[in-house]
Every structure is written in structure tokens, then in C-alpha cells.
Protein chains: 2
Amino acid sequence: MDQLLSPKQVAAAIGVSESSLKRWCDQGLLTTVKTAGGHRRIPVQEALRFVREQNHAVVEPRLLAMPGTDNRKARRIENCAERLVEGLLTNNEQACRAIVFDLFLAAQPVSQIFDEVIAVAFRTIGEKWECNEADIYQERCSCQIALRVLHELRSKQTPPNSGLVALGATVEGDQYSLPVTMSEIVLRAVGWETRLLGSSIPFDSMVAAIQQHKPEMFWLSVSFVPDESAFIAGFNRLFEAASKINTAVVVGGRALTTEIRTRLRYSAFCDTMRHLEEFAKTLRRQTEVVPKKTRKPRKNA
Amino acid sequence: MDQLLSPKQVAAAIGVSESSLKRWCDQGLLTTVKTAGGHRRIPVQEALRFVREQNHAVVEPRLLAMPGTDNRKARRIENCAERLVEGLLTNNEQACRAIVFDLFLAAQPVSQIFDEVIAVAFRTIGEKWECNEADIYQERCSCQIALRVLHELRSKQTPPNSGLVALGATVEGDQYSLPVTMSEIVLRAVGWETRLLGSSIPFDSMVAAIQQHKPEMFWLSVSFVPDESAFIAGFNRLFEAASKINTAVVVGGRALTTEIRTRLRYSAFCDTMRHLEEFAKTLRRQTEVVPKKTRKPRKNA
DNA sequence: AGTAAAATGGACGATTTGGATGATTTTATG
DNA sequence: CATAAAATCATCCAAATCGTCCATTTTACT
């Protein structure tokens, strides 16, 4: 029943180098089990004892606190969604952050993280809510957590300066800021400079923003449509204005039914973040400098 | 995700010699953790706390994972508000961050930063909007920027673990997340563990949250009241439920006119973040441990 | 001004840390 | 089972940090 950890994992958990940790093992500060091939394995409880006795710092508690989630499993995207649901509903922000950042560091495209983990997780929470297994406040609270994680993720991106500008917003009455924030991160990941106008923006004001900033792209996330006909009229007005100055208009969101879509004019419709990413790449006609996963970790400034 | 710094790094950041810094660590002015080999490691939050409490200058903010500063203009709170307005309206997120973080490092209480800078800035923007000098999207976009800055500020606080829990939210229909987020940061600054439920929460769900988490405090930020009588009824229902389990209810927000207030029952009403801070301090009944900044008294003859 | 306590910061050899390397073991995948 | 990719091994070494001592500067008080 003892979970075994590799030196690398323990080193990461307590924020020291692998070299140091191995030295400590060899000095007997940590008792290790050895594999047939001579690799060191450290039982979790032994690692915990070490931390307690040495009064050592723990930088990444999750590695020691959440058995069954060693790094390899963490990087597999399959069961991340359910782990995220668990983390969100128990208000374990640490764990949520860990899940997302592990994937990010494992060089998963952000679009994929969003489509296959975050979106899935919130769909699950939504279903739980409908079945009365979760309360509204839990869903909202989860949104807060996710938003903080997303903001942190965003701050870790290299700020693009391609000269291509995209503006984004949510229509009036639609206060779901998660999708529009994810879109922004996706666009930034493929080199767009973005400016997120925010949630619940009236169409007229969007038009004003477009005319003032003359962006190459405008993206609109539609999670909720209070008034269908007003939405369609407003949107087409927006498209009209955007066309005049060659601004591509991209829409997406779960509230856009096929019926609504047939009555809209747009440059692209995106079902998923991956679609958005592909379209954004295409639009900027440059083969993109994908955030490379280099082996050599570089010192951050 | 708290980063560990070496004495040398912290010394460089605040522009003192390594010797001094090590001495301070040994005197307990800075809480350090130690590696197994006996090297000192200082968590960033701890370094920030030290800088703020001692009112120490910071020469290299980057080493403390803080955004770059503009030391000449900074530190004076007077014209920060207008500089912030400028930064927000020109979408200069860097500048906005610098303004807020400079004040933070200069040991200004977060409540004061919020009351005298951020709140003032947004009041100014609101006025500009009314005078048609600014568009709605600019105000919303400013909110996005401010929200990101606030989230970053929050991540720089030492995570409190007092055991005292506060829940916070915004009423249904009120989507202004800035005030409620500022409140959270203020509460955390004075040692409360907080859980922000989010914006636009129905009263019934708030009651459910209170009953489930049994917090010592519930705070409600009211920037907008869609239906006055429904609000009053709902709120008093909330207060009732909270009273039963000894949860203090704190309200605040610009939408609370005196007429509305006279019909509400609450533990405290806060006009400003400073009020909230004072009330929160009082409620936790602990006299704050004032760090002595005087040198040791010399022997008296 | 004069004095002494207190604080600062530099220097020292001894110790610790962490990055790099090429060989070996483990794990993932067909 | 076989193969390739990833993780870990043992080792070495430069750089960082330790604790300590001491000269110098600052501060507090007479």
C-alpha cells in the first residue's frame, strides 16, 4: 500500500535539486527502497517523515498529499477532467492549478487543455447541478477558481508582439467570462496580441471598439442569449461594421444553435478552442512559432 | 507554488549585504526554512511581508517576482489614481500593475490602495463614461485589467491559516466582481481564510453555502440591486439563517442607499475597504502583533 | 563633541548545492 | 516480446552558501 516516489518527484515536491535529494538519500537522511536495477524509491510516508523532522519546506504539497497522481499519470490528459472536477468542488485550488500547469508544462496545447479538461469539467459540474448533486454556488465558486488559474496561466505566456491585434468580448447579458478568457489565452498562444473587452458588452460599444482599434480579428463568445432576435440584429450590425475595415469576426459558444447560426454572418464559427486556434493560425498566415519544449530549462528572468 | 529564495537573492532584491540579511534571518525577523544541509531558504511571500513591515526599499523588484517599478513617482499615493486611470484607459496593463505593486511594496495597506486609488480610478472612469468621454467597453476592459492585477496581488499574499473562515459573494444580477474581489484581498490581509463564491449568486444558494461551510463571516458586496424588495426580503432571510449559526454578516457597496439600509439587518455595514478591514480585525479579536521597528533599548544607567 | 553600543558589510576556508554527462534501468507502445 | 523514449544512475565540479571574525559606519545618549 506504500506509494513509492522517485527522487525526482520528492525533489520537486520539496523544492530542491535532484542531486541534493539523492545525496541525502545516500547519507541516510531518507530511507530508500531500491529496485532490482538499483534505482531509489522513496515511500511517501518516509518523505513525509523527512519533511516533518527536518522542518523542510514543501513547495508542491500535491505530490505528497495526493497519492496516485505521480507526474506521469498527471500528464496524461485522459482522467484530468474528473480530477479537476474533484478539485473544483472541494475548493482545492492548489490541486486545480497543479492539474492545469502540469499539462501546460508537458507541452500540451492550451486549446487541448481547455477543450478536453476544463470544458469537460465544467460540463460535468453543470450536469451535477441539474441533478441537484451540486449547488449553484459551487459552480460559481469553481468559476472563480478556474478564472484565477487561467489568469495565472496567462501571465506565464510570453507576451506576443506580432502586430496582429484581436479584440474579444461577450454579449450583453452574457456574464460567463470563462470561455472568453480561454479564447484569449488560445489566441495569445498562437501569437496574437489580444485585448479582452470583458463580459456583457453592448453591440454598439463593440462596434465603437472595433472602429477605434481596427483589429485584425474580433472574437465573440456566446454562452447565453437573452433575446434572440436582438442578438441576431446586433451581431449582423457588428459584422457589417467589422467588414468595412477588414476585421475578421469569429464566434463560438454553446448558446449558438444551428438555427441562430444560419441567420448570422461571420468569418468563422468555432465549436472548440482547437478550431479557434486553427483559424487564428490560418489567419495570420505565418507558420507559427509554437512554444517549444526544450530540454534545457532556462533561467527565468 | 511558493517560490523559495536564497539569502543572496533577497539581499540583492532589497539592496543590503548578504551578511545583514543572514543576521536578520537568525534574529527571526525573517522566517526561513532550512535545507537538510543547513542552507537558508526564504519563501517569496515571507520576503514581501518583511519588506512591507519594515518599510524597506526594494531595489530589484524582479527578484521578488514583482513587476518593474517606477520608483520616483511611486510610493506617493496622491496622484496614483489619475495615473491608474491613464493606464487603464490606454490598456497599459504593465503600468497599472506597477502602480498597484509599488504601493503594495511601500507598505500601503491594501485597503487604502483600494479606497484611494482603485475605487477612485473607477469612479473617474464612470464619470468620463457619463460625460461620453469614454465608452462602456473601455470601462469593462479596465475591469478586466484590474481583475488580473488583483488576482496577481492576491497570489502574493501570505496564505492565512487562522482557522477563521469568511465567505463572500455578490447578489443575483450584480456582476461587478471588482469590489467583491477587493474585499477578499482585504480580509486575507488581516488573516481571514476566504472563499469567494463569485458574482450573481441567488440568496438561496448563499444560505446553502453558509449552512454547509459554517463560516465565521459572510460578506456581501452590493453594487447593483435589480429588485429592491426582493433584495431586502432575500437578504433578511440570509441574515436569519446566518444568525442561527453565529455567522456575522457584513454588507457594503454603492447600491446600498440609506433607505435600503434602514430595512436591512446586518452585523456591520462598510462604506469603504478600510471599514471592512477594521471590522474584520475587531471580529477576530486578536490584537495584532506589532513588529517592533525600534532597536533594542539600551541599558539605562 | 565624545563615547559606546549596535548595526553593517566584507573576507575567509569549509561545506552544500545543483547542473551536466554518459551509462544504465524503467516505462510506454506496437 | 522487442524497441524506442524517458527516467534514473553515479560521478564530477563550479558556484553558492555556511558560520565566523573583524573593520567600519551608524545610532543613541551624555
# chains A, B, ... in the order shown; residues from 1 in each chain; ligands from 1

$ residues_around --residues "segment 223-239 of chain B" --least-positions-apart "3" --cutoff "12 Å" --atoms "only C-alpha atoms (C1' of nucleotides)" --output "PyMOL selection string"
chain B and resi 169-180+199-211+217-220+242-257+259-268+271

$ write_last_selection --atoms "C-alpha atoms" --output "PDB file, in the first residue's frame"
ATOM      1  CA  ALA B 169     -20.478  36.836  -2.819  1.00  0.00           C
ATOM      2  CA  THR B 170     -22.451  39.241  -4.935  1.00  0.00           C
ATOM      3  CA  VAL B 171     -26.216  39.108  -5.256  1.00  0.00           C
ATOM      4  CA  GLU B 172     -28.022  37.750  -8.258  1.00  0.00           C
ATOM      5  CA  GLY B 173     -27.925  40.215 -11.091  1.00  0.00           C
ATOM      6  CA  ASP B 174     -24.898  42.009  -9.731  1.00  0.00           C
ATOM      7  CA  GLN B 175     -21.952  41.136 -11.888  1.00  0.00           C
ATOM      8  CA  TYR B 176     -19.421  43.602 -10.575  1.00  0.00           C
ATOM      9  CA  SER B 177     -16.653  41.333  -9.452  1.00  0.00           C
ATOM     10  CA  LEU B 178     -14.118  44.019  -8.664  1.00  0.00           C
ATOM     11  CA  PRO B 179     -15.424  45.137  -5.249  1.00  0.00           C
ATOM     12  CA  VAL B 180     -16.035  41.639  -4.002  1.00  0.00           C
ATOM     13  CA  SER B 199     -20.810  37.005  -8.644  1.00  0.00           C
ATOM     14  CA  SER B 200     -24.530  36.823  -9.084  1.00  0.00           C
ATOM     15  CA  ILE B 201     -25.374  34.194  -6.512  1.00  0.00           C
ATOM     16  CA  PRO B 202     -29.028  33.640  -5.583  1.00  0.00           C
ATOM     17  CA  PHE B 203     -29.801  34.141  -1.915  1.00  0.00           C
ATOM     18  CA  ASP B 204     -30.954  30.564  -1.504  1.00  0.00           C
ATOM     19  CA  SER B 205     -27.632  29.334  -2.699  1.00  0.00           C
ATOM     20  CA  MET B 206     -25.810  31.666  -0.336  1.00  0.00           C
ATOM     21  CA  VAL B 207     -27.826  30.230   2.522  1.00  0.00           C
ATOM     22  CA  ALA B 208     -26.890  26.741   1.385  1.00  0.00           C
ATOM     23  CA  ALA B 209     -23.242  27.739   1.304  1.00  0.00           C
ATOM     24  CA  ILE B 210     -23.413  29.227   4.783  1.00  0.00           C
ATOM     25  CA  GLN B 211     -25.097  26.173   6.197  1.00  0.00           C
ATOM     26  CA  MET B 217     -18.231  35.730   8.494  1.00  0.00           C
ATOM     27  CA  PHE B 218     -20.215  36.262   5.346  1.00  0.00           C
ATOM     28  CA  TRP B 219     -19.595  39.349   3.284  1.00  0.00           C
ATOM     29  CA  LEU B 220     -21.804  40.667   0.551  1.00  0.00           C
ATOM     30  CA  ALA B 242     -26.604  33.190   9.318  1.00  0.00           C
ATOM     31  CA  SER B 243     -27.549  34.292  12.807  1.00  0.00           C
ATOM     32  CA  LYS B 244     -28.606  30.794  13.716  1.00  0.00           C
ATOM     33  CA  ILE B 245     -25.075  29.509  13.339  1.00  0.00           C
ATOM     34  CA  ASN B 246     -23.338  32.634  14.573  1.00  0.00           C
ATOM     35  CA  THR B 247     -22.109  33.845  11.236  1.00  0.00           C
ATOM     36  CA  ALA B 248     -21.512  37.589  11.115  1.00  0.00           C
ATOM     37  CA  VAL B 249     -22.966  39.238   8.032  1.00  0.00           C
ATOM     38  CA  VAL B 250     -21.175  42.215   6.548  1.00  0.00           C
ATOM     39  CA  VAL B 251     -22.503  44.272   3.684  1.00  0.00           C
ATOM     40  CA  GLY B 252     -21.156  47.052   1.609  1.00  0.00           C
ATOM     41  CA  GLY B 253     -21.444  48.581  -1.816  1.00  0.00           C
ATOM     42  CA  ARG B 254     -22.544  51.696  -3.575  1.00  0.00           C
ATOM     43  CA  ALA B 255     -26.021  50.372  -4.324  1.00  0.00           C
ATOM     44  CA  LEU B 256     -26.970  50.362  -0.665  1.00  0.00           C
ATOM     45  CA  THR B 257     -28.817  53.601  -0.160  1.00  0.00           C
ATOM     46  CA  GLU B 259     -33.359  53.787   2.655  1.00  0.00           C
ATOM     47  CA  ILE B 260     -32.462  50.248   1.767  1.00  0.00           C
ATOM     48  CA  ARG B 261     -30.117  50.023   4.707  1.00  0.00           C
ATOM     49  CA  THR B 262     -32.744  51.006   7.204  1.00  0.00           C
ATOM     50  CA  ARG B 263     -34.698  47.970   6.167  1.00  0.00           C
ATOM     51  CA  LEU B 264     -31.819  45.537   6.446  1.00  0.00           C
ATOM     52  CA  ARG B 265     -30.439  43.673   9.401  1.00  0.00           C
ATOM     53  CA  TYR B 266     -26.724  43.051   9.401  1.00  0.00           C
ATOM     54  CA  SER B 267     -23.703  42.733  11.660  1.00  0.00           C
ATOM     55  CA  ALA B 268     -21.872  45.584  10.002  1.00  0.00           C
ATOM     56  CA  ASP B 271     -18.626  52.123   3.306  1.00  0.00           C
TER      57      ASP B 271
END

$ residues_around --residues "DG19 of chain D" --least-positions-apart "5" --cutoff "12 Å" --atoms "only C-alpha atoms (C1' of nucleotides)" --output "count of residues only"
10

$ interface_residues --of "chain B" --to "chain C" --cutoff "8 Å" --atoms "only C-alpha atoms (C1' of nucleotides)" --output "ChimeraX atom specification"
/B:17-20,37,39,298

$ select_by_dssp --residues "segment 18-194 of chain A" --states "alpha helix (DSSP H)" --output "MDAnalysis selection string"
chainID A and resid 18:27 44:54 61:65 71:75 80:89 93:105 110:113 119:130 136:155 177:189

$ calpha_fit_rmsd --fixed "chain A" --moving "chain B"
12.0 Å

$ closest_residue --among "B:Gln138, B:Gln112, B:Thr258, B:Gln157" --to "Met273 of chain B" --atoms "only C-alpha atoms"
B:Gln112

$ residues_around --residues "Leu283 of chain B" --least-positions-apart "2" --cutoff "10 Å" --atoms "only C-alpha atoms (C1' of nucleotides)" --output "ChimeraX atom specification"
/B:164,216-217,248,277-281,285-286

$ interface_residues --of "chain D" --to "chain B" --cutoff "10 Å" --atoms "only C-alpha atoms (C1' of nucleotides)" --output "list in words"
DA16, DT17, DC18, DT27, DA28 and DC29 of chain D

$ write_last_selection --atoms "N, CA and C atoms (P, O5', C5', C4', C3', O3' and C1' of nucleotides)" --output "compact mmCIF listing (two decimals), in the first residue's frame"
# COMPACT_ATOMS: atom_id res chain seq x y z
P DA D 16 27.11 31.79 -8.34
O5' DA D 16 26.50 31.18 -7.00
C5' DA D 16 25.52 30.16 -7.11
C4' DA D 16 25.16 29.65 -5.72
C3' DA D 16 24.91 30.76 -4.70
O3' DA D 16 23.73 30.43 -3.97
C1' DA D 16 26.57 29.26 -3.89
P DT D 17 23.13 31.42 -2.92
O5' DT D 17 23.67 30.85 -1.55
C5' DT D 17 23.29 29.54 -1.16
C4' DT D 17 24.01 29.15 0.10
C3' DT D 17 23.94 30.21 1.20
O3' DT D 17 23.16 29.69 2.27
C1' DT D 17 26.12 29.27 0.98
P DC D 18 23.10 30.42 3.66
O5' DC D 18 24.24 29.73 4.51
C5' DC D 18 24.24 28.30 4.59
C4' DC D 18 25.36 27.83 5.48
C3' DC D 18 25.49 28.66 6.75
O3' DC D 18 25.11 27.89 7.88
C1' DC D 18 27.63 28.42 5.63
P DT D 27 21.95 56.16 10.93
O5' DT D 27 21.84 55.91 12.48
C5' DT D 27 21.52 54.59 12.95
C4' DT D 27 21.55 54.57 14.46
C3' DT D 27 20.77 55.71 15.12
O3' DT D 27 19.79 55.14 15.96
C1' DT D 27 22.93 55.48 16.09
P DA D 28 18.84 56.04 16.83
O5' DA D 28 19.55 56.04 18.25
C5' DA D 28 19.90 54.80 18.86
C4' DA D 28 20.36 55.05 20.29
C3' DA D 28 19.56 56.12 21.04
O3' DA D 28 19.40 55.70 22.39
C1' DA D 28 21.83 56.78 20.90
P DC D 29 18.49 56.55 23.37
O5' DC D 29 19.57 57.20 24.34
C5' DC D 29 20.57 56.37 24.91
C4' DC D 29 21.67 57.23 25.46
C3' DC D 29 21.19 58.44 26.27
O3' DC D 29 21.71 58.36 27.58
C1' DC D 29 22.93 59.03 24.78

$ closest_atom_pairs --of "chain A" --to "chain B" --cutoff "6 Å" --atoms "only C-alpha atoms" --output "CSV"
residue,atom,partner,partner_atom,distance
A:Val59,CA,B:Met1,CA,5.8
A:Tyr137,CA,B:Ser205,CA,5.8
A:Arg140,CA,B:Gly198,CA,5.4
A:Cys141,CA,B:Leu197,CA,4.3
A:Leu197,CA,B:Cys141,CA,4.2
A:Gly198,CA,B:Arg140,CA,5.4
A:Ser205,CA,B:Tyr137,CA,5.8

$ write_last_selection --atoms "N, CA, C and O atoms" --output "PDB file, in the first residue's frame"
ATOM      1  N   VAL A  59       7.100  22.684  -1.345  1.00  0.00           N
ATOM      2  CA  VAL A  59       6.699  23.628  -2.386  1.00  0.00           C
ATOM      3  C   VAL A  59       5.484  23.124  -3.139  1.00  0.00           C
ATOM      4  O   VAL A  59       4.614  23.886  -3.520  1.00  0.00           O
ATOM      5  N   TYR A 137     -23.866  27.794  -6.072  1.00  0.00           N
ATOM      6  CA  TYR A 137     -22.690  28.498  -5.570  1.00  0.00           C
ATOM      7  C   TYR A 137     -21.428  27.686  -5.797  1.00  0.00           C
ATOM      8  O   TYR A 137     -20.353  28.260  -5.954  1.00  0.00           O
ATOM      9  N   ARG A 140     -20.366  28.485  -9.301  1.00  0.00           N
ATOM     10  CA  ARG A 140     -19.797  29.841  -9.381  1.00  0.00           C
ATOM     11  C   ARG A 140     -18.432  29.896  -8.724  1.00  0.00           C
ATOM     12  O   ARG A 140     -17.503  30.537  -9.213  1.00  0.00           O
ATOM     13  N   CYS A 141     -18.337  29.228  -7.600  1.00  0.00           N
ATOM     14  CA  CYS A 141     -17.081  29.218  -6.876  1.00  0.00           C
ATOM     15  C   CYS A 141     -16.009  28.534  -7.720  1.00  0.00           C
ATOM     16  O   CYS A 141     -14.851  28.977  -7.776  1.00  0.00           O
ATOM     17  N   LEU A 197     -12.209  42.830 -24.019  1.00  0.00           N
ATOM     18  CA  LEU A 197     -13.057  43.946 -23.591  1.00  0.00           C
ATOM     19  C   LEU A 197     -13.814  43.595 -22.322  1.00  0.00           C
ATOM     20  O   LEU A 197     -14.082  44.457 -21.498  1.00  0.00           O
ATOM     21  N   GLY A 198     -14.159  42.325 -22.190  1.00  0.00           N
ATOM     22  CA  GLY A 198     -14.851  41.915 -20.982  1.00  0.00           C
ATOM     23  C   GLY A 198     -16.177  41.267 -21.280  1.00  0.00           C
ATOM     24  O   GLY A 198     -16.483  40.939 -22.432  1.00  0.00           O
ATOM     25  N   SER A 205     -21.196  49.252 -28.368  1.00  0.00           N
ATOM     26  CA  SER A 205     -19.899  49.546 -27.797  1.00  0.00           C
ATOM     27  C   SER A 205     -18.820  48.694 -28.456  1.00  0.00           C
ATOM     28  O   SER A 205     -17.688  49.145 -28.660  1.00  0.00           O
TER      29      SER A 205
END

$ select_by_dssp --residues "segment 72-184 of chain A" --states "strand (DSSP E or B)" --output "MDAnalysis selection string"
chainID A and resid 165:171

$ atom_distance --atom1 "atom CA of Phe50 of chain A" --atom2 "atom CA of Leu5 of chain A"
13.4 Å

$ atom_distance --atom1 "atom CA of Phe122 of chain B" --atom2 "atom CA of Ala95 of chain B"
15.8 Å

$ atom_distance --atom1 "atom CA of Val117 of chain A" --atom2 "atom CA of Leu276 of chain A"
16.5 Å
